[in-house]
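Enquirer: The structure file coords_13.cif (mmCIF, C-alpha atoms) is provided below.
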```cif
data_data
#
loop_
_atom_site.label_atom_id
_atom_site.label_comp_id
_atom_site.auth_asym_id
_atom_site.auth_seq_id
_atom_site.Cartn_x
_atom_site.Cartn_y
_atom_site.Cartn_z
CA MET A 1 -29.57 4.44 -4.49
CA THR A 2 -28.26 2.29 -7.33
CA LEU A 3 -24.56 1.64 -7.90
CA THR A 4 -24.62 3.60 -11.17
CA THR A 5 -26.16 6.64 -9.45
CA LEU A 6 -23.64 6.40 -6.61
CA ILE A 7 -20.66 6.34 -8.98
CA THR A 8 -22.11 9.22 -11.02
CA LEU A 9 -22.56 11.38 -7.92
CA ALA A 10 -19.10 10.43 -6.61
CA ARG A 11 -17.21 11.34 -9.79
CA PRO A 12 -15.29 14.64 -9.76
CA LYS A 13 -17.36 17.43 -11.25
CA SER A 14 -15.34 20.64 -11.05
CA SER A 15 -11.67 21.41 -11.66
CA SER A 16 -11.24 21.65 -7.89
CA ASP A 17 -12.67 18.16 -7.45
CA GLN A 18 -10.36 16.85 -10.17
CA ARG A 19 -7.28 18.38 -8.53
CA ARG A 20 -8.26 16.93 -5.18
CA SER A 21 -8.87 13.51 -6.71
CA THR A 22 -5.54 13.58 -8.56
CA LEU A 23 -3.65 14.54 -5.41
CA LEU A 24 -5.46 11.81 -3.46
CA VAL A 25 -4.65 9.16 -6.08
CA ALA A 26 -0.98 10.20 -6.12
CA ALA A 27 -0.71 10.19 -2.32
CA VAL A 28 -2.36 6.77 -1.99
CA ALA A 29 -0.13 5.38 -4.77
CA VAL A 30 3.00 6.61 -2.98
CA ALA A 31 1.80 5.11 0.31
CA GLY A 32 1.16 1.83 -1.50
CA VAL A 33 4.66 1.83 -3.00
CA PHE A 34 6.31 2.18 0.41
CA LEU A 35 4.03 -0.45 1.95
CA LEU A 36 4.80 -2.89 -0.87
CA ALA A 37 8.51 -2.24 -0.36
CA GLY A 38 8.14 -2.80 3.38
CA GLN A 39 6.33 -6.11 3.03
CA ARG A 40 8.92 -7.27 0.48
CA ILE A 41 11.75 -6.59 2.92
CA VAL A 42 9.87 -8.29 5.77
CA ARG A 43 9.55 -11.47 3.70
CA LEU A 44 13.29 -11.68 2.97
CA ASP A 45 14.91 -15.01 3.84
CA GLY A 46 18.50 -14.32 2.86
CA LEU A 47 20.43 -12.18 0.43
CA ASP A 48 23.92 -12.22 -1.01
CA SER A 49 25.98 -9.57 0.78
CA ALA A 50 27.98 -9.07 -2.40
CA THR A 51 24.83 -8.08 -4.34
CA TYR A 52 22.72 -5.95 -1.99
CA SER A 53 23.35 -3.21 0.53
CA SER A 54 24.23 -4.02 4.12
CA TYR A 55 20.95 -2.36 5.10
CA LEU A 56 19.24 -5.49 3.74
CA THR A 57 21.76 -8.24 4.36
CA GLU A 58 22.30 -7.50 8.07
CA ASP A 59 19.41 -8.63 10.26
CA GLY A 60 19.95 -5.82 12.78
CA LEU A 61 19.53 -3.10 10.14
CA ARG A 62 16.64 -4.57 8.20
CA PRO A 63 13.92 -3.57 10.73
CA GLY A 64 15.12 0.02 10.49
CA VAL A 65 14.56 0.00 6.74
CA VAL A 66 11.07 -1.44 7.24
CA THR A 67 10.32 1.21 9.87
CA ALA A 68 11.48 3.96 7.51
CA ALA A 69 9.20 2.59 4.76
CA VAL A 70 6.23 2.52 7.13
CA LEU A 71 6.90 6.07 8.34
CA LEU A 72 7.10 7.32 4.75
CA ALA A 73 3.84 5.54 3.98
CA ALA A 74 2.32 7.26 7.00
CA ALA A 75 3.50 10.64 5.68
CA ALA A 76 1.88 9.88 2.32
CA CYS A 77 -1.34 8.85 4.10
CA ALA A 78 -1.29 12.16 5.97
CA LEU A 79 -1.04 13.92 2.62
CA ALA A 80 -3.95 11.83 1.33
CA PHE A 81 -6.06 12.82 4.33
CA GLN A 82 -5.21 16.46 3.71
CA ALA A 83 -6.26 16.01 0.07
CA LEU A 84 -9.63 14.71 1.29
CA ARG A 85 -10.08 17.91 3.28
CA LEU A 86 -9.38 20.19 0.31
CA GLY A 87 -12.42 21.99 -1.01
CA THR A 88 -14.46 21.04 2.03
CA ALA A 89 -16.66 24.16 1.90
CA ALA A 90 -17.58 23.86 -1.79
CA ARG A 91 -18.09 20.11 -1.58
CA ASP A 92 -20.21 20.43 1.54
CA ARG A 93 -22.46 22.91 -0.25
CA ARG A 94 -22.96 20.44 -3.08
CA LEU A 95 -23.72 17.59 -0.70
CA ALA A 96 -25.98 19.83 1.37
CA ALA A 97 -27.95 20.50 -1.81
CA LEU A 98 -28.43 16.75 -2.14
CA ARG A 99 -29.71 16.67 1.45
CA LEU A 100 -32.24 19.37 0.61
CA ALA A 101 -33.26 17.36 -2.45
CA GLY A 102 -34.15 14.39 -0.24
CA ALA A 103 -30.91 12.43 0.27
CA THR A 104 -30.54 10.89 3.71
CA PRO A 105 -27.44 11.50 5.90
CA SER A 106 -26.31 7.92 5.32
CA GLN A 107 -26.55 8.41 1.55
CA VAL A 108 -24.49 11.60 1.77
CA ARG A 109 -21.83 9.75 3.78
CA LEU A 110 -21.96 6.93 1.24
CA ILE A 111 -21.31 9.41 -1.59
CA GLY A 112 -18.31 10.82 0.28
CA ALA A 113 -17.02 7.31 0.97
CA ALA A 114 -17.45 6.27 -2.67
CA GLU A 115 -15.70 9.42 -3.90
CA ALA A 116 -12.66 8.76 -1.69
CA GLY A 117 -12.78 4.98 -2.14
CA LEU A 118 -12.64 5.14 -5.94
CA SER A 119 -9.59 7.41 -5.78
CA GLY A 120 -8.02 5.14 -3.16
CA LEU A 121 -8.61 2.09 -5.33
CA LEU A 122 -7.05 3.78 -8.35
CA GLY A 123 -4.06 4.82 -6.24
CA GLY A 124 -3.65 1.27 -4.95
CA VAL A 125 -3.76 -0.09 -8.50
CA LEU A 126 -1.11 2.40 -9.64
CA ALA A 127 1.13 1.50 -6.69
CA GLY A 128 2.04 -1.83 -8.28
CA PRO A 129 3.63 -0.55 -11.52
CA VAL A 130 5.37 2.28 -9.66
CA TYR A 131 6.80 -0.20 -7.14
CA LEU A 132 8.11 -2.41 -9.94
CA ALA A 133 9.69 0.58 -11.67
CA LEU A 134 11.31 1.75 -8.42
CA ALA A 135 12.70 -1.72 -7.75
CA ALA A 136 14.14 -1.89 -11.28
CA VAL A 137 15.83 1.50 -10.86
CA LEU A 138 17.37 0.53 -7.51
CA GLN A 139 18.71 -2.73 -8.98
CA SER A 140 20.78 -0.67 -11.42
CA LEU A 141 22.54 1.25 -8.64
CA PRO A 142 25.86 0.21 -7.08
CA ARG A 143 25.68 -2.42 -4.34
CA VAL A 144 25.65 0.09 -1.51
CA GLY A 145 22.53 1.75 -2.98
CA ARG A 146 20.47 -1.40 -3.48
CA VAL A 147 18.20 -1.00 -0.48
CA LEU A 148 15.25 -2.80 -2.09
CA PRO A 149 15.42 -6.41 -3.30
CA ALA A 150 14.11 -7.55 -6.65
CA PRO A 151 10.33 -8.17 -6.81
CA ALA A 152 9.09 -11.66 -5.95
CA PRO A 153 5.95 -13.60 -6.96
CA GLY A 154 4.48 -12.87 -3.54
CA ASP A 155 4.26 -9.20 -4.51
CA LEU A 156 1.61 -10.10 -7.10
CA VAL A 157 -0.55 -11.37 -4.22
CA ALA A 158 0.19 -8.47 -1.88
CA TRP A 159 -0.54 -5.83 -4.55
CA PRO A 160 -4.31 -6.44 -5.10
CA VAL A 161 -4.85 -7.06 -1.37
CA LEU A 162 -3.15 -3.77 -0.56
CA ALA A 163 -5.18 -1.96 -3.25
CA VAL A 164 -8.43 -3.15 -1.68
CA VAL A 165 -7.25 -2.21 1.83
CA LEU A 166 -6.22 1.28 0.70
CA ALA A 167 -9.58 1.75 -1.04
CA LEU A 168 -11.45 0.72 2.12
CA VAL A 169 -9.35 3.00 4.32
CA ALA A 170 -9.79 5.93 1.95
CA GLY A 171 -13.52 5.27 1.69
CA GLY A 172 -13.84 5.11 5.45
CA ALA A 173 -12.00 8.41 5.84
CA GLY A 174 -14.15 10.03 3.15
CA GLY A 175 -17.35 8.92 4.84
CA LEU A 176 -16.04 10.02 8.24
CA LEU A 177 -15.42 13.54 6.99
CA ARG A 178 -19.05 13.76 5.86
CA ARG A 179 -20.56 12.57 9.14
CA GLN A 180 -21.23 16.09 10.46
CA LEU A 181 -22.63 17.59 7.28
CA SER A 182 -25.53 19.93 8.03
CA THR A 183 -27.87 21.97 5.89
CA GLU A 184 -27.99 24.68 8.54
CA PRO A 185 -25.46 27.55 8.60
CA LYS A 186 -22.72 27.03 11.16
CA ASN A 187 -21.32 29.55 13.55
CA GLU A 188 -17.69 30.54 13.25
CA PRO A 189 -15.60 28.26 15.47
CA ASP A 190 -14.26 29.73 18.68
CA ARG A 191 -10.81 31.06 17.82
CA ALA A 192 -9.48 30.97 21.37
CA GLY A 193 -10.81 27.44 21.84
CA TRP A 194 -9.00 25.77 18.96
CA GLN A 195 -5.83 27.76 19.53
CA GLY A 196 -5.82 26.70 23.18
CA ARG A 197 -6.05 23.05 22.18
CA TYR A 198 -3.22 23.38 19.68
CA LEU A 199 -1.05 25.24 22.19
CA THR A 200 -1.58 22.40 24.66
CA VAL A 201 -0.44 19.85 22.07
CA GLY A 202 2.61 21.98 21.29
CA ALA A 203 3.46 22.34 24.97
CA VAL A 204 3.27 18.56 25.46
CA GLY A 205 5.62 18.07 22.50
CA THR A 206 8.06 20.63 23.90
CA VAL A 207 8.09 18.87 27.27
CA LEU A 208 8.88 15.56 25.55
CA VAL A 209 11.78 17.13 23.67
CA VAL A 210 13.19 18.67 26.86
CA LEU A 211 12.88 15.39 28.76
CA SER A 212 14.61 13.49 25.94
CA LEU A 213 17.66 15.75 26.26
CA MET A 214 18.41 14.78 29.87
CA PRO A 215 19.51 11.12 29.90
CA ILE A 216 21.26 9.27 27.08
CA SER A 217 19.21 6.36 25.84
CA PRO A 218 18.57 5.06 22.30
CA MET A 219 14.84 4.71 23.06
CA LEU A 220 14.57 8.39 23.93
CA ILE A 221 15.34 9.26 20.30
CA PHE A 222 11.81 8.12 19.44
CA VAL A 223 10.45 10.24 22.31
CA GLN A 224 12.36 13.18 20.91
CA ALA A 225 10.99 12.61 17.40
CA ALA A 226 7.44 12.36 18.77
CA GLY A 227 8.00 15.55 20.76
CA VAL A 228 9.17 17.47 17.69
CA LEU A 229 6.17 16.22 15.71
CA LEU A 230 3.70 17.21 18.45
CA ALA A 231 5.34 20.60 19.00
CA ALA A 232 5.32 21.39 15.29
CA SER A 233 1.72 20.19 14.89
CA GLY A 234 0.58 22.28 17.85
CA PHE A 235 2.47 25.51 17.36
CA ALA A 236 2.38 25.77 13.53
CA PRO A 237 -1.38 26.52 13.17
CA VAL A 238 -1.22 29.06 16.00
CA ALA A 239 1.79 30.73 14.38
CA VAL A 240 -0.03 30.85 11.02
CA ALA A 241 -3.02 32.53 12.68
CA ALA A 242 -0.74 35.06 14.41
CA TYR A 243 1.02 35.82 11.12
CA GLY A 244 -2.35 36.22 9.40
CA ARG A 245 -3.54 38.70 12.03
CA ARG A 246 -0.30 40.64 11.64
CA LEU A 247 -0.82 40.87 7.88
CA GLU A 248 -4.44 41.93 8.39
CA ARG A 249 -3.31 44.85 10.55
CA SER A 250 -1.00 46.19 7.84
CA GLY A 251 -2.09 49.07 5.63
CA ASP A 252 -1.35 47.20 2.40
CA PRO A 253 -4.54 45.74 0.85
CA VAL A 254 -2.56 42.92 -0.73
CA ARG A 255 -1.08 41.86 2.60
CA MET A 256 -4.47 42.22 4.26
CA LEU A 257 -5.96 39.85 1.68
CA ALA A 258 -3.18 37.32 2.28
CA GLY A 259 -3.68 37.62 6.03
CA GLY A 260 -7.41 36.99 5.76
CA ARG A 261 -6.85 33.79 3.78
CA LEU A 262 -4.23 32.60 6.27
CA LEU A 263 -6.64 33.16 9.15
CA HIS A 264 -9.33 31.25 7.26
CA THR A 265 -7.01 28.28 6.57
CA ALA A 266 -4.74 28.45 9.62
CA ARG A 267 -5.27 24.86 10.69
CA SER A 268 -4.94 23.20 7.27
CA VAL A 269 -1.90 25.31 6.34
CA GLY A 270 -0.45 24.70 9.81
CA ARG A 271 -0.64 20.94 9.33
CA MET A 272 1.38 21.17 6.14
CA LEU A 273 3.86 23.55 7.74
CA ALA A 274 4.31 21.08 10.59
CA LEU A 275 5.27 18.45 8.02
CA LEU A 276 7.75 20.92 6.49
CA VAL A 277 9.25 21.51 9.94
CA VAL A 278 9.70 17.77 10.46
CA CYS A 279 11.23 17.35 6.99
CA GLY A 280 13.56 20.27 7.62
CA GLY A 281 14.50 18.72 10.96
CA VAL A 282 15.43 15.45 9.25
CA VAL A 283 17.53 17.29 6.67
CA GLY A 284 19.22 19.35 9.40
CA ALA A 285 20.02 16.24 11.44
CA VAL A 286 21.37 14.42 8.37
CA LEU A 287 23.59 17.34 7.38
CA ALA A 288 24.87 17.80 10.93
CA ILE A 289 25.75 14.10 11.22
CA GLY A 290 27.43 14.14 7.82
CA ARG A 291 29.40 17.28 8.64
CA ASP A 292 30.54 15.85 11.97
CA HIS A 293 31.65 12.66 10.27
CA GLN A 294 33.51 14.67 7.64
CA LEU A 295 35.33 16.81 10.24
CA SER A 296 36.29 13.82 12.37
CA GLU A 297 39.52 11.93 11.88
CA ARG A 298 37.84 8.74 10.75
CA GLU A 299 38.97 7.33 7.45
CA LEU A 300 36.39 7.36 4.69
CA THR A 301 36.41 3.64 4.03
CA ALA A 302 33.53 1.36 3.19
CA SER A 303 31.89 2.29 6.49
CA GLY A 304 31.94 5.92 5.37
CA ASP A 305 30.18 4.99 2.14
CA PHE A 306 27.69 3.00 4.19
CA ILE A 307 26.93 6.00 6.43
CA TYR A 308 26.67 8.49 3.58
CA THR A 309 24.40 6.18 1.59
CA GLY A 310 21.97 5.90 4.48
CA LEU A 311 22.05 9.64 5.15
CA GLY A 312 21.53 10.38 1.47
CA PHE A 313 18.47 8.16 1.21
CA VAL A 314 16.97 9.66 4.36
CA ALA A 315 17.53 13.19 3.04
CA LEU A 316 16.01 12.37 -0.35
CA LEU A 317 12.95 10.80 1.22
CA SER A 318 12.43 13.77 3.53
CA LEU A 319 12.70 16.07 0.51
CA PHE A 320 10.00 13.99 -1.16
CA ALA A 321 7.73 14.44 1.85
CA ALA A 322 8.43 18.19 1.83
CA LEU A 323 7.57 18.35 -1.87
CA ALA A 324 4.31 16.54 -1.17
CA ALA A 325 3.47 19.05 1.56
CA GLY A 326 4.25 21.92 -0.81
CA VAL A 327 1.97 20.45 -3.46
CA ALA A 328 -0.80 20.15 -0.87
CA MET A 329 -0.34 23.81 0.09
CA LEU A 330 -0.57 24.84 -3.57
CA ALA A 331 -3.69 22.73 -4.07
CA GLY A 332 -5.24 24.27 -0.97
CA ALA A 333 -4.47 27.79 -2.19
CA ALA A 334 -6.04 27.00 -5.56
CA ASP A 335 -9.08 25.59 -3.82
CA ASP A 336 -9.47 28.77 -1.75
CA LEU A 337 -9.33 30.89 -4.89
CA ILE A 338 -12.20 28.94 -6.41
CA ASP A 339 -14.21 29.03 -3.21
CA GLN A 340 -13.78 32.83 -2.92
CA ARG A 341 -14.19 33.70 -6.58
CA SER A 342 -17.26 35.89 -6.02
CA GLN A 343 -15.46 38.03 -3.43
CA LEU A 344 -12.32 38.25 -5.55
CA ALA A 345 -14.36 39.24 -8.61
CA ALA A 346 -15.94 42.03 -6.55
CA LEU A 347 -12.47 43.23 -5.51
CA ASN A 348 -11.44 43.21 -9.16
CA VAL A 349 -14.33 45.54 -9.98
CA PHE A 350 -13.02 47.94 -7.33
CA GLY A 351 -9.49 47.91 -8.71
CA MET A 352 -7.66 44.90 -7.23
CA GLY A 353 -6.60 42.99 -10.32
CA ALA A 354 -5.17 39.54 -10.94
CA SER A 355 -1.55 40.64 -10.41
CA GLN A 356 -2.32 41.94 -6.93
CA VAL A 357 -4.26 38.82 -5.96
CA LEU A 358 -1.37 36.66 -7.23
CA ARG A 359 1.03 38.74 -5.13
CA SER A 360 -1.15 38.10 -2.08
CA VAL A 361 -1.01 34.36 -2.79
CA ARG A 362 2.78 34.60 -3.06
CA ILE A 363 2.93 36.34 0.34
CA GLN A 364 0.61 33.69 1.75
CA LEU A 365 2.93 30.86 0.66
CA THR A 366 6.52 32.16 0.77
CA GLY A 367 6.86 33.48 4.31
CA PRO A 368 5.40 30.48 6.19
CA ALA A 369 7.23 27.94 4.00
CA ALA A 370 10.62 29.64 4.42
CA VAL A 371 10.26 29.97 8.19
CA ALA A 372 9.01 26.38 8.62
CA VAL A 373 11.84 24.80 6.64
CA GLY A 374 14.54 27.01 8.17
CA ALA A 375 13.25 26.38 11.69
CA GLY A 376 13.14 22.65 11.01
CA VAL A 377 16.79 22.59 9.91
CA LEU A 378 17.76 24.52 13.05
CA ILE A 379 15.82 22.12 15.29
CA GLY A 380 17.21 18.96 13.70
CA GLY A 381 20.78 20.20 13.54
CA GLY A 382 20.60 21.65 17.03
CA LEU A 383 19.34 18.39 18.55
CA VAL A 384 22.16 16.46 16.86
CA CYS A 385 24.75 18.91 18.18
CA ARG A 386 23.26 18.61 21.67
CA LEU A 387 23.42 14.81 21.48
CA GLN A 388 27.03 14.90 20.28
CA ALA A 389 27.99 17.21 23.15
CA ARG A 390 26.45 14.84 25.69
CA VAL A 391 28.03 11.73 24.20
CA ASP A 392 31.49 13.34 24.04
CA PRO A 393 31.72 16.43 26.28
CA THR A 394 35.28 17.10 25.11
CA ALA A 395 34.32 17.32 21.45
CA ASP A 396 34.29 20.73 19.78
CA THR A 397 30.91 21.12 18.05
CA SER A 398 31.26 24.83 17.27
CA SER A 399 32.07 24.13 13.60
CA VAL A 400 28.99 21.95 13.23
CA VAL A 401 26.82 24.60 14.95
CA VAL A 402 28.04 27.31 12.56
CA PHE A 403 27.44 24.95 9.65
CA VAL A 404 23.88 24.28 10.79
CA LEU A 405 23.15 28.01 11.17
CA ILE A 406 24.41 28.75 7.67
CA VAL A 407 22.53 25.80 6.15
CA ALA A 408 19.30 26.80 7.93
CA ALA A 409 19.49 30.32 6.48
CA VAL A 410 20.31 29.07 2.98
CA VAL A 411 17.66 26.34 2.97
CA GLY A 412 15.04 28.74 4.34
CA VAL A 413 15.76 31.26 1.58
CA LEU A 414 15.66 28.50 -1.06
CA ALA A 415 12.31 27.29 0.28
CA GLY A 416 10.92 30.82 0.04
CA VAL A 417 12.21 31.21 -3.52
CA LEU A 418 10.74 27.86 -4.57
CA ALA A 419 7.39 28.77 -2.99
CA ALA A 420 7.41 32.10 -4.83
CA LEU A 421 8.15 30.37 -8.13
CA ALA A 422 5.54 27.68 -7.48
CA SER A 423 2.89 30.33 -6.80
CA GLY A 424 3.17 31.29 -10.46
CA VAL A 425 1.45 28.00 -11.27
CA LEU A 426 -1.74 29.52 -9.83
CA SER A 427 -1.82 32.45 -12.25
CA GLY A 428 -4.52 30.76 -14.33
CA GLN A 429 -6.68 30.08 -11.30
CA VAL A 430 -6.23 33.69 -10.16
CA ARG A 431 -7.40 35.05 -13.52
CA ASP A 432 -10.44 32.78 -13.42
CA ALA A 433 -11.22 33.76 -9.83
CA VAL A 434 -11.17 37.53 -10.45
CA ASP A 435 -13.26 37.31 -13.61
CA PRO A 436 -16.26 39.67 -13.14
CA ALA A 437 -18.45 36.98 -14.69
CA ASN A 438 -18.24 35.20 -11.33
CA LEU A 439 -20.52 37.87 -9.89
CA ARG A 440 -23.39 36.29 -11.80
CA THR A 441 -23.05 33.10 -9.71
CA SER A 442 -23.92 32.74 -6.05
#
```
Spit out the file's structure as structure tokens when you get a sec.
Expert:
Amino acid sequence: MTLTTLITLARPKSSSDQRRSTLLVAAVAVAGVFLLAGQRIVRLDGLDSATYSSYLTEDGLRPGVVTAAVLLAAAACALAFQALRLGTAARDRRLAALRLAGATPSQVRLIGAAEAGLSGLLGGVLAGPVYLALAAVLQSLPRVGRVLPAPAPGDLVAWPVLAVVLALVAGGAGGLLRRQLSTEPKNEPDRAGWQGRYLTVGAVGTVLVVLSLMPISPMLIFVQAAGVLLAASGFAPVAVAAYGRRLERSGDPVRMLAGGRLLHTARSVGRMLALLVVCGGVVGAVLAIGRDHQLSERELTASGDFIYTGLGFVALLSLFAALAAGVAMLAGAADDLIDQRSQLAALNVFGMGASQVLRSVRIQLTGPAAVAVGAGVLIGGGLVCRLQARVDPTADTSSVVVFVLIVAAVVGVLAGVLAALASGVLSGQVRDAVDPANLRTS
């Protein structure tokens, strides 16, 4: 296979492929921005404390900023991996057709690797200008908000190296996802089997959270964070499947349609909901800490500005990750509509029009998103209240608990409203999917 043929076969063909490629490029670019910021902070020799934030000038705080940048890059990489998995059924059919036409398994994997690698390379290239723009914006903020130093000549060396590394990683992931491609029809996976595995992961995460609540140790905070992540990753897909079965048992055809799609995409939707739970947990913890600091008798001096600046940046970054997860859920829903266009067109012939299908998509997105975000705020705020009670048993945390409960309800409702509004973006895809002309295609 020549290079020209490989690039031609790897280029996005359909609108679904283009959406997936765009999301992959954006996710890789965001990951590259955070990695460039992290390596810039690592290479710092010394900064003027009167010019930059204490998060950079104090050696004890600088590793925390680097860790936060790496974690955010990891969240963006998780979004990129999810983007690679979008449209798996339709893309596998296209690649299976190439197998039937004579392509070898290694060539099929090479096409998948080239498809992902090209998007990864483009994302790595875009990371440089975005990083420079972000650094310029942060330089214009007050001193306490300058958590990223000005770019240095070394960034011009790190940028192309990082772009190549991101392209190789993306290409490797793309080829890995194509390793089990088969031209034979596959049986439906065992429902009890995968749910049992996810329940085990969730149980392990819950045990870690419970163990982290017993002693008081700074290191156990990381155990607690890992436990929340594992619990959310394990229980979220199972909860999505249970919610889908509940909708399927209802007498409303619209809810039944939404339930069927949730059952079909329980694991992919569950992964994004787990990220929403984690983001909600971070926001809940930040708000609980800020509320406790506000209710305490400490004077809001420079240290108060220092604390609020850090909390504000953490909250904004978690909101960014939540937005990325929401975009991935929307892209996945759009991909499902395209993949099921023949079935939806048949339903349209029998009376289920575009408005009803759009309402089913809204049900599919709003309920899980609202519950995930609200539960995350409750978990994060609750863990902070528990930690405060253990550190100072005489402290009255009832006001903070009430605050967390109110915020969890409000944020959950807002997440549901935003998901409902965002589902309107898919109205065009819904109209295309229910078009009776789709019945002429297989």
Enquirer: Separation of atom CA of A:Ser233 and atom CA of A:Leu121, in Å?
Expert: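 If I compute the distance from atom CA of A:Ser233 to atom CA of A:Leu121, I get 29.0 Å.
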Enquirer: Given the file above and the PyMOL selection byres ((chain A and resi 310) around 12), which residues are selected, and can you give them as a VMD selection string?
Expert: chain A and resid 53 to 56 61 64 to 65 68 144 to 147 286 to 287 289 to 290 303 to 309 311 to 317
Enquirer: Put those residues in a file: C-alpha atoms, as a PDB file, in the frame of the given file.
Expert:
```
ATOM      1  CA  SER A  53      23.350  -3.210   0.530  1.00  0.00           C
ATOM      2  CA  SER A  54      24.230  -4.020   4.120  1.00  0.00           C
ATOM      3  CA  TYR A  55      20.950  -2.360   5.100  1.00  0.00           C
ATOM      4  CA  LEU A  56      19.240  -5.490   3.740  1.00  0.00           C
ATOM      5  CA  LEU A  61      19.530  -3.100  10.140  1.00  0.00           C
ATOM      6  CA  GLY A  64      15.120   0.020  10.490  1.00  0.00           C
ATOM      7  CA  VAL A  65      14.560   0.000   6.740  1.00  0.00           C
ATOM      8  CA  ALA A  68      11.480   3.960   7.510  1.00  0.00           C
ATOM      9  CA  VAL A 144      25.650   0.090  -1.510  1.00  0.00           C
ATOM     10  CA  GLY A 145      22.530   1.750  -2.980  1.00  0.00           C
ATOM     11  CA  ARG A 146      20.470  -1.400  -3.480  1.00  0.00           C
ATOM     12  CA  VAL A 147      18.200  -1.000  -0.480  1.00  0.00           C
ATOM     13  CA  VAL A 286      21.370  14.420   8.370  1.00  0.00           C
ATOM     14  CA  LEU A 287      23.590  17.340   7.380  1.00  0.00           C
ATOM     15  CA  ILE A 289      25.750  14.100  11.220  1.00  0.00           C
ATOM     16  CA  GLY A 290      27.430  14.140   7.820  1.00  0.00           C
ATOM     17  CA  SER A 303      31.890   2.290   6.490  1.00  0.00           C
ATOM     18  CA  GLY A 304      31.940   5.920   5.370  1.00  0.00           C
ATOM     19  CA  ASP A 305      30.180   4.990   2.140  1.00  0.00           C
ATOM     20  CA  PHE A 306      27.690   3.000   4.190  1.00  0.00           C
ATOM     21  CA  ILE A 307      26.930   6.000   6.430  1.00  0.00           C
ATOM     22  CA  TYR A 308      26.670   8.490   3.580  1.00  0.00           C
ATOM     23  CA  THR A 309      24.400   6.180   1.590  1.00  0.00           C
ATOM     24  CA  LEU A 311      22.050   9.640   5.150  1.00  0.00           C
ATOM     25  CA  GLY A 312      21.530  10.380   1.470  1.00  0.00           C
ATOM     26  CA  PHE A 313      18.470   8.160   1.210  1.00  0.00           C
ATOM     27  CA  VAL A 314      16.970   9.660   4.360  1.00  0.00           C
ATOM     28  CA  ALA A 315      17.530  13.190   3.040  1.00  0.00           C
ATOM     29  CA  LEU A 316      16.010  12.370  -0.350  1.00  0.00           C
ATOM     30  CA  LEU A 317      12.950  10.800   1.220  1.00  0.00           C
TER      31      LEU A 317
END
```
Enquirer: Would you write out, as an MDAnalysis selection string, every residue that the PyMOL selection byres ((chain A and resi 321) around 8) captures in this file?
Expert: chainID A and resid 72 75:76 275:276 279 317:320 322:325
Enquirer: Point out the residue among A:Asn438, A:Val384, A:Met329, A:Val401 with the least atom-to-atom distance to A:Ala422, counting all atoms listed in the file.
Expert: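 Smallest separation from A:Ala422 among the options: A:Met329.
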Enquirer: Select all residues near (12.2, 22.3, 6.4) (cut-off 7 Å, inclusive, file coordinates), counting only C-alpha atoms, and output them as a list of chain:residue names.
Expert: A:Leu276, A:Val277, A:Val278, A:Cys279, A:Gly280, A:Gly281, A:Ala372, A:Val373, A:Gly374, A:Ala375, A:Gly376, A:Val377
Enquirer: Using the chain letters and numbers from this file, what does the PyMOL selection byres ((chain A and resi 380) around 6) select? Give the answer as a list of chain:residue names.
Expert: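 What the PyMOL selection byres ((chain A and resi 380) around 6) grabs from the file is A:Gly281, A:Val282, A:Gly284, A:Ala285, A:Val377, A:Leu378, A:Ile379, A:Gly381, A:Gly382, A:Leu383.
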Enquirer: Work out how far apart atom CA of A:Ala236 and atom CA of A:Ala288 are and give it in Å to one decimal.
Expert: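 These atoms are spaced 24.0 Å apart.
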Enquirer: With distances taken over all atoms listed in the file, which of A:Pro393, A:Gly112, A:Pro142, A:Gly259 is nearest to A:Leu177?
Expert: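 Residue with the minimum atom-to-atom distance to A:Leu177: A:Gly112.
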Enquirer: Would you mind telling me which residue in A:Ala167, A:Ala333, A:Cys385, A:Ala37 lies nearest to A:Thr397 when using all atoms listed in the file?
Expert: A:Cys385
Enquirer: How many Å lie between atom CA of A:Pro149 and atom CA of A:Phe34, rounded to one decimal?
Expert: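 The value is 13.1 Å.
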Enquirer: Around the point (-22.6, 36.9, -10.0) in the file's coordinates, collect all residues with an atom within 10 Å, using all atoms listed in the file, and return them as a list in words.
Expert: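 Returned residue set, sorted by chain then number, is Arg341, Ser342, Gln343, Ala345, Ala346, Pro436, Ala437, Asn438, Leu439, Arg440, Thr441 and Ser442 of chain A.
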Enquirer: May I have the residues within 8 Å of A:Gly117 as a list in words, using only C-alpha atoms and disregarding those fewer than 6 positions away in the same chain?
Expert: Ala167, Leu168, Val169, Ala170, Gly171, Gly172 and Gly174 of chain A
Enquirer: If we count all atoms listed in the file and set the cut-off at 9 Å, which residues sit around A:Ala73, ignoring sequence neighbours fewer than 6 positions away in its own chain? Please answer as a list in words.
Expert: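 The residues that qualify are Val28, Val30, Ala31, Gly32, Val33, Phe34 and Leu35 of chain A.
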Enquirer: Find, counting only C-alpha atoms, the residue in A:Ile111, A:Arg271, A:Gly244, A:Asp252 that gets nearest to A:Leu98.
Expert: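 Of all the options, A:Ile111 lies closest to A:Leu98.
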Enquirer: Which of these residues is nearest to A:Ala127, using all atoms listed in the file: A:Asp155, A:Asp292, A:Asp339, A:Glu115?
Expert: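 So, comparing all the options, the nearest one is A:Asp155.
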Enquirer: Any idea what's packed within 12 Å of A:Gln429, counting all atoms listed in the file, ignoring anything in its chain fewer than 4 positions away? Could you give it as a ChimeraX atom specification?
Expert: /A:15-16,330-341,344,354-355,357-358,361,423-425,433-435
Enquirer: Centre and edge lengths of an axis-aligned box around all listed atoms of stretch 279-296 of chain A, with 5 Å added on each side, are to be given in Å to one decimal, as AutoDock Vina command-line options.
Expert:
```
--center_x 23.8 --center_y 16.5 --center_z 9.5 --size_x 35.1 --size_y 17.6 --size_z 15.7
```
